[in-house]
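Heads up: the structure comes next, in structure tokens.
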Amino acid sequence: MSNTFRILLAAILLTGTLCVHAQTVYRWVDEDGEVHYGHSVPPEHTKRGYEVLGRDGIVRERVEPAPTPDELSERRVQRERERELAELQRSQEARDRMLLVTHNSEDSILSSMEMELVALNSQRASIRVALDQVEHRFERLMAQAAEHSDEGRQVPASLQDSIEEVRAELRRLRADQSALDEREESVRARYQADVERFRELMGRGSES
């Protein structure tokens with residue numbers, strides 16, 4: 001192949017390439033909704049998105065509009081939601097593994113629940129004993145205060161302070177009782193959920 005032929009071939013190829021590029025047309029829509037065509041997109045319109053058309057008028061490439069601040073915010077929210085869901089999934093898988101390692105039957109799960117309930121009942125009994133003692137003390141103090149009042153005497157400040165201290169102790173003990181009741185409900189609910197999840201993991205269904 002002669003040098004002249006090579007030069008001629010390169011010139012033909014270059015001309016063809018330039019023609020192809022010259023035929024590339026961009027289509028975009030301005031802020032008023034009007035459609036425009038051109039061999040380049042004005043910089044002020046690139047963020048609105050555009051299409052690249054081939055010589056046959058068919059869309060060869062579509063450049064999406066730049067997201068709005070609201071869309072960016074929604075995407076961030078969506079990514080955060082997906083991250084939270086993935087974290088919940090990983091957490092559930094870890095709990096499932098622990099459940100299967102710890103228990104090999106529903107009876108094992110229920111036995112563990114009973115052990116926790118026995119411990120809670122022991123604490124409840126201790127609180128009941130303390131509460132009875134404090135209630136008796138409170139009754140005695142109130143009787144003393146009533147005696148002073150019946151006799152027309154001022155209730156001593158020290159007695160009033162003692163009454164307030166015992167009243168505060170009663171509130172604390174009763175709050176502890178309520179907290180134990182809530183813990184018992186929580187323990188029962190947690191182990192019931194474990195039983196149901198154990199059935200699911202073993203493929204036995206919730207009605208078995």
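Residue names in the structure tokens use chain letters A, B, ... in the order shown, residue numbers from 1 in each chain, and ligand numbers from 1 in the order shown.
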_List as JSON, numbers by chain the protein and nucleic acid residues near Ser158 in chain A, meaning an atom at most 12 Å away when only C-alpha atoms are counted, but skip any in the same chain fewer than 4 places from it._
{"A": [141, 144, 145, 154, 162, 163, 164, 165]}
Residue selection dump (N, CA and C atoms) as a tab-separated table (two decimals), in the first residue's frame:
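Heads up, here's the output in again.tsv:
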```
chain	number	residue	atom	x	y	z
A	141	LEU	N	-46.53	7.29	112.68
A	141	LEU	CA	-46.20	8.70	112.63
A	141	LEU	C	-47.46	9.56	112.44
A	144	GLN	N	-49.25	9.81	115.68
A	144	GLN	CA	-48.63	10.79	116.57
A	144	GLN	C	-49.01	12.21	116.18
A	145	ALA	N	-49.01	12.47	114.89
A	145	ALA	CA	-49.38	13.82	114.43
A	145	ALA	C	-50.82	14.12	114.78
A	154	GLN	N	-49.06	22.05	118.38
A	154	GLN	CA	-48.41	22.13	117.07
A	154	GLN	C	-47.65	20.83	116.80
A	162	SER	N	-40.18	13.62	109.45
A	162	SER	CA	-40.19	12.15	109.43
A	162	SER	C	-41.33	11.64	108.57
A	163	ILE	N	-42.49	12.28	108.68
A	163	ILE	CA	-43.64	11.87	107.87
A	163	ILE	C	-43.33	12.03	106.39
A	164	GLU	N	-42.71	13.15	106.01
A	164	GLU	CA	-42.39	13.38	104.60
A	164	GLU	C	-41.35	12.37	104.09
A	165	GLU	N	-40.38	12.03	104.94
A	165	GLU	CA	-39.37	11.05	104.55
A	165	GLU	C	-40.01	9.68	104.31
```
*Would you list the contacts of range 172-179 of chain A as a ChimeraX atom specification, taking every protein, DNA or RNA residue within 8 Å and counting only C-alpha atoms, but skipping same-chain residues closer than 5 positions in sequence?*
/A:124,127,130-131
_Give me the residues near Leu100 in chain A as JSON, numbers by chain, where near means some atom within 12 Å (using only C-alpha atoms) and where sequence neighbours in that chain fewer than 6 positions away do not count._
{"A": [93, 94, 106, 108, 109, 194, 195, 197, 198, 199, 200, 201, 202]}
Take the selection from the previous step and output its residues with N, CA and C atoms, as a compact mmCIF listing (two decimals), in the first residue's frame.
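What ended up in result-v9.txt:
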```
# COMPACT_ATOMS: atom_id res chain seq x y z
N GLU A 93 -30.71 -11.17 62.41
CA GLU A 93 -29.93 -12.37 62.13
C GLU A 93 -29.06 -12.76 63.33
N ALA A 94 -28.49 -11.73 63.99
CA ALA A 94 -27.66 -12.01 65.17
C ALA A 94 -28.52 -12.59 66.30
N GLU A 106 -38.77 -25.40 72.40
CA GLU A 106 -39.64 -24.41 73.01
C GLU A 106 -39.63 -24.54 74.54
N SER A 108 -37.20 -25.30 76.39
CA SER A 108 -36.01 -24.65 76.91
C SER A 108 -36.23 -23.14 77.05
N ILE A 109 -36.92 -22.56 76.07
CA ILE A 109 -37.21 -21.13 76.13
C ILE A 109 -38.13 -20.82 77.29
N ASP A 194 -39.83 -15.00 71.37
CA ASP A 194 -38.76 -15.97 71.10
C ASP A 194 -39.34 -17.32 70.69
N VAL A 195 -40.41 -17.72 71.36
CA VAL A 195 -41.05 -19.00 71.01
C VAL A 195 -41.57 -18.96 69.57
N ARG A 197 -40.63 -16.97 67.16
CA ARG A 197 -39.51 -16.89 66.20
C ARG A 197 -38.82 -18.24 66.08
N PHE A 198 -38.70 -18.96 67.18
CA PHE A 198 -38.09 -20.29 67.15
C PHE A 198 -38.89 -21.21 66.22
N ARG A 199 -40.22 -21.12 66.31
CA ARG A 199 -41.06 -21.94 65.44
C ARG A 199 -40.82 -21.58 63.97
N GLU A 200 -40.72 -20.28 63.70
CA GLU A 200 -40.47 -19.86 62.32
C GLU A 200 -39.14 -20.39 61.80
N LEU A 201 -38.11 -20.25 62.64
CA LEU A 201 -36.78 -20.68 62.21
C LEU A 201 -36.72 -22.20 62.02
N MET A 202 -37.51 -22.92 62.80
CA MET A 202 -37.53 -24.37 62.66
C MET A 202 -38.49 -24.83 61.58
```
*Check the smallest atom-to-atom distance from each of A:Glu147, A:Ser91, A:Val77, A:Tyr26 to Pro42 in chain A using only C-alpha atoms, then report the winner.*
A:Tyr26
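Distances here use only C-alpha atoms; by that measure, the residue among A:Val166, A:Gln89, A:Val29, A:Gln123 closest to Glu139 in chain A is A:Val166.
The interatomic distance for the pair CA of Asn104 in chain A and CA of Arg183 in chain A works out to 25.1 Å.
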_For CA of Tyr191 in chain A and CA of Met113 in chain A, the interatomic separation in Å (one decimal)_ = 6.3 Å
*range 44-52 of chain A: which residues within 9 Å, counting only C-alpha atoms, same-chain residues fewer than 4 positions away excluded, as a list in words?*
Thr24, Val25, Tyr26, Arg27, Trp28, Val29, Asp30, Glu31, Ile58, Val59, Arg60, Glu61, Arg62, Val63, Glu64, Pro65, Ala66 and Pro67 of chain A
Take the residues that were just selected and, keeping N, CA and C atoms, output them as a short mmCIF file (atom, residue, chain, number, x, y, z; two decimals), in the first residue's frame.
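Generated output (selection-v3.cif):
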```
data_model
loop_
_atom_site.label_atom_id
_atom_site.label_comp_id
_atom_site.auth_asym_id
_atom_site.auth_seq_id
_atom_site.Cartn_x
_atom_site.Cartn_y
_atom_site.Cartn_z
N THR A 24 -24.47 15.01 14.98
CA THR A 24 -24.97 14.81 16.34
C THR A 24 -25.78 16.02 16.76
N VAL A 25 -27.01 15.75 17.21
CA VAL A 25 -27.92 16.83 17.59
C VAL A 25 -28.35 16.63 19.03
N TYR A 26 -28.43 17.71 19.77
CA TYR A 26 -28.89 17.68 21.16
C TYR A 26 -30.29 18.29 21.23
N ARG A 27 -31.09 17.70 22.04
CA ARG A 27 -32.45 18.21 22.24
C ARG A 27 -32.66 18.49 23.72
N TRP A 28 -33.16 19.68 24.02
CA TRP A 28 -33.40 20.03 25.41
C TRP A 28 -34.65 20.89 25.52
N VAL A 29 -35.15 21.03 26.73
CA VAL A 29 -36.36 21.81 27.00
C VAL A 29 -35.99 22.93 27.96
N ASP A 30 -36.39 24.14 27.61
CA ASP A 30 -36.04 25.26 28.48
C ASP A 30 -37.05 25.39 29.62
N GLU A 31 -36.87 26.41 30.45
CA GLU A 31 -37.72 26.59 31.63
C GLU A 31 -39.16 26.90 31.29
N ILE A 58 -32.94 9.15 16.26
CA ILE A 58 -33.23 8.29 17.42
C ILE A 58 -32.38 8.73 18.60
N VAL A 59 -32.99 8.69 19.78
CA VAL A 59 -32.27 9.09 20.99
C VAL A 59 -31.18 8.07 21.28
N ARG A 60 -29.94 8.51 21.30
CA ARG A 60 -28.81 7.63 21.58
C ARG A 60 -28.39 7.68 23.05
N GLU A 61 -28.66 8.80 23.67
CA GLU A 61 -28.27 8.96 25.07
C GLU A 61 -29.21 9.96 25.73
N ARG A 62 -29.54 9.69 26.97
CA ARG A 62 -30.42 10.61 27.71
C ARG A 62 -29.72 11.01 29.01
N VAL A 63 -29.48 12.27 29.17
CA VAL A 63 -28.85 12.80 30.38
C VAL A 63 -29.96 13.35 31.27
N GLU A 64 -30.11 12.75 32.43
CA GLU A 64 -31.19 13.13 33.33
C GLU A 64 -30.93 14.51 33.95
N PRO A 65 -32.00 15.22 34.31
CA PRO A 65 -31.81 16.54 34.95
C PRO A 65 -31.11 16.39 36.29
N ALA A 66 -30.39 17.43 36.68
CA ALA A 66 -29.76 17.43 38.00
C ALA A 66 -30.87 17.44 39.06
N PRO A 67 -30.71 16.65 40.11
CA PRO A 67 -31.76 16.58 41.14
C PRO A 67 -31.95 17.91 41.86
#
```
*Tell me, which residues of range 15-109 of chain A carry DSSP strand (DSSP E), written as a PyMOL selection string?*
chain A and resi 25-29+35-38+50-53+59-63
*Could you jot down the CA of His36 in chain A to CA of Asp56 in chain A separation for me, Å, one decimal place?*
17.2 Å
*Identify all residues of range 39-196 of chain A in alpha helix (DSSP H) (DSSP on the backbone) and supply them as a PyMOL selection string.*
chain A and resi 69-102+106-150+157-196
Let's have the selection written as a CSV table (one decimal), in the first residue's frame, with C-alpha atoms.
```csv
chain,number,residue,atom,x,y,z
A,69,PRO,CA,-32.8,20.1,46.7
A,70,ASP,CA,-36.0,18.3,47.6
A,71,GLU,CA,-35.0,15.3,45.5
A,72,LEU,CA,-31.6,15.2,47.1
A,73,SER,CA,-33.2,15.4,50.5
A,74,GLU,CA,-35.5,12.5,49.6
A,75,ARG,CA,-32.6,10.5,48.4
A,76,ARG,CA,-30.8,11.0,51.7
A,77,VAL,CA,-33.9,10.0,53.6
A,78,GLN,CA,-34.2,6.9,51.4
A,79,ARG,CA,-30.6,6.0,51.9
A,80,GLU,CA,-31.0,6.4,55.7
A,81,ARG,CA,-34.1,4.3,55.6
A,82,GLU,CA,-32.3,1.5,53.7
A,83,ARG,CA,-29.4,1.7,56.1
A,84,GLU,CA,-31.7,1.3,59.0
A,85,LEU,CA,-33.5,-1.6,57.4
A,86,ALA,CA,-30.2,-3.3,56.7
A,87,GLU,CA,-29.1,-2.7,60.3
A,88,LEU,CA,-32.4,-4.2,61.6
A,89,GLN,CA,-31.8,-7.2,59.3
A,90,ARG,CA,-28.3,-7.8,60.6
A,91,SER,CA,-29.6,-7.4,64.2
A,92,GLN,CA,-32.4,-9.9,63.6
A,93,GLU,CA,-29.9,-12.4,62.1
A,94,ALA,CA,-27.7,-12.0,65.2
A,95,ARG,CA,-30.6,-12.6,67.5
A,96,ASP,CA,-31.7,-15.6,65.5
A,97,ARG,CA,-28.2,-17.1,65.8
A,98,MET,CA,-28.2,-16.5,69.5
A,99,LEU,CA,-31.7,-18.0,69.9
A,100,LEU,CA,-30.7,-21.2,68.2
A,101,VAL,CA,-27.4,-21.5,70.0
A,102,THR,CA,-29.1,-20.9,73.4
A,106,GLU,CA,-39.6,-24.4,73.0
A,107,ASP,CA,-39.5,-26.0,76.5
A,108,SER,CA,-36.0,-24.6,76.9
A,109,ILE,CA,-37.2,-21.1,76.1
A,110,LEU,CA,-40.1,-21.4,78.5
A,111,SER,CA,-37.9,-22.8,81.3
A,112,SER,CA,-35.6,-19.7,80.9
A,113,MET,CA,-38.7,-17.5,81.2
A,114,GLU,CA,-39.7,-19.2,84.4
A,115,MET,CA,-36.3,-18.7,85.9
A,116,GLU,CA,-36.5,-15.0,85.2
A,117,LEU,CA,-40.0,-14.8,86.7
A,118,VAL,CA,-38.9,-16.6,89.8
A,119,ALA,CA,-36.2,-14.0,90.3
A,120,LEU,CA,-38.7,-11.1,89.8
A,121,ASN,CA,-41.1,-12.7,92.3
A,122,SER,CA,-38.3,-12.9,94.8
A,123,GLN,CA,-37.6,-9.2,94.3
A,124,ARG,CA,-41.3,-8.5,94.6
A,125,ALA,CA,-41.6,-10.3,97.9
A,126,SER,CA,-38.7,-8.3,99.3
A,127,ILE,CA,-40.3,-5.1,98.3
A,128,ARG,CA,-43.6,-6.2,99.8
A,129,VAL,CA,-41.9,-6.9,103.2
A,130,ALA,CA,-40.2,-3.5,103.1
A,131,LEU,CA,-43.4,-1.8,102.1
A,132,ASP,CA,-45.3,-3.4,105.0
A,133,GLN,CA,-42.7,-2.1,107.4
A,134,VAL,CA,-42.8,1.4,106.0
A,135,GLU,CA,-46.6,1.5,105.9
A,136,HIS,CA,-46.7,0.5,109.6
A,137,ARG,CA,-44.2,3.2,110.4
A,138,PHE,CA,-46.2,5.8,108.4
A,139,GLU,CA,-49.3,4.8,110.3
A,140,ARG,CA,-47.6,5.3,113.7
A,141,LEU,CA,-46.2,8.7,112.6
A,142,MET,CA,-49.6,9.8,111.4
A,143,ALA,CA,-51.2,8.7,114.7
A,144,GLN,CA,-48.6,10.8,116.6
A,145,ALA,CA,-49.4,13.8,114.4
A,146,ALA,CA,-53.1,13.3,115.0
A,147,GLU,CA,-52.6,13.1,118.7
A,148,HIS,CA,-50.8,16.5,118.7
A,149,SER,CA,-53.6,18.0,116.7
A,150,ASP,CA,-56.3,16.6,118.8
A,157,ALA,CA,-41.2,20.0,112.7
A,158,SER,CA,-39.1,16.9,113.3
A,159,LEU,CA,-42.3,14.8,113.2
A,160,GLN,CA,-43.4,16.5,110.0
A,161,ASP,CA,-40.0,15.8,108.4
A,162,SER,CA,-40.2,12.1,109.4
A,163,ILE,CA,-43.6,11.9,107.9
A,164,GLU,CA,-42.4,13.4,104.6
A,165,GLU,CA,-39.4,11.0,104.6
A,166,VAL,CA,-41.6,8.0,105.1
A,167,ARG,CA,-44.1,9.2,102.5
A,168,ALA,CA,-41.2,9.5,100.0
A,169,GLU,CA,-40.0,6.0,100.8
A,170,LEU,CA,-43.6,4.7,100.2
A,171,ARG,CA,-43.6,6.3,96.8
A,172,ARG,CA,-40.3,4.8,95.9
A,173,LEU,CA,-41.3,1.3,97.0
A,174,ARG,CA,-44.6,1.5,95.1
A,175,ALA,CA,-42.8,2.7,92.1
A,176,ASP,CA,-40.4,-0.3,92.4
A,177,GLN,CA,-43.5,-2.5,92.5
A,178,SER,CA,-44.9,-1.0,89.4
A,179,ALA,CA,-41.5,-1.3,87.6
A,180,LEU,CA,-41.4,-5.0,88.5
A,181,ASP,CA,-44.9,-5.5,87.1
A,182,GLU,CA,-43.8,-3.9,83.9
A,183,ARG,CA,-40.7,-6.0,83.7
A,184,GLU,CA,-42.7,-9.1,84.2
A,185,GLU,CA,-44.9,-8.2,81.2
A,186,SER,CA,-41.8,-7.4,79.2
A,187,VAL,CA,-40.2,-10.7,80.1
A,188,ARG,CA,-43.3,-12.7,79.1
A,189,ALA,CA,-43.7,-10.8,75.9
A,190,ARG,CA,-40.0,-11.3,75.0
A,191,TYR,CA,-40.0,-15.0,75.6
A,192,GLN,CA,-43.3,-15.4,73.8
A,193,ALA,CA,-41.8,-13.6,70.8
A,194,ASP,CA,-38.8,-16.0,71.1
A,195,VAL,CA,-41.1,-19.0,71.0
A,196,GLU,CA,-42.8,-17.8,67.9
```
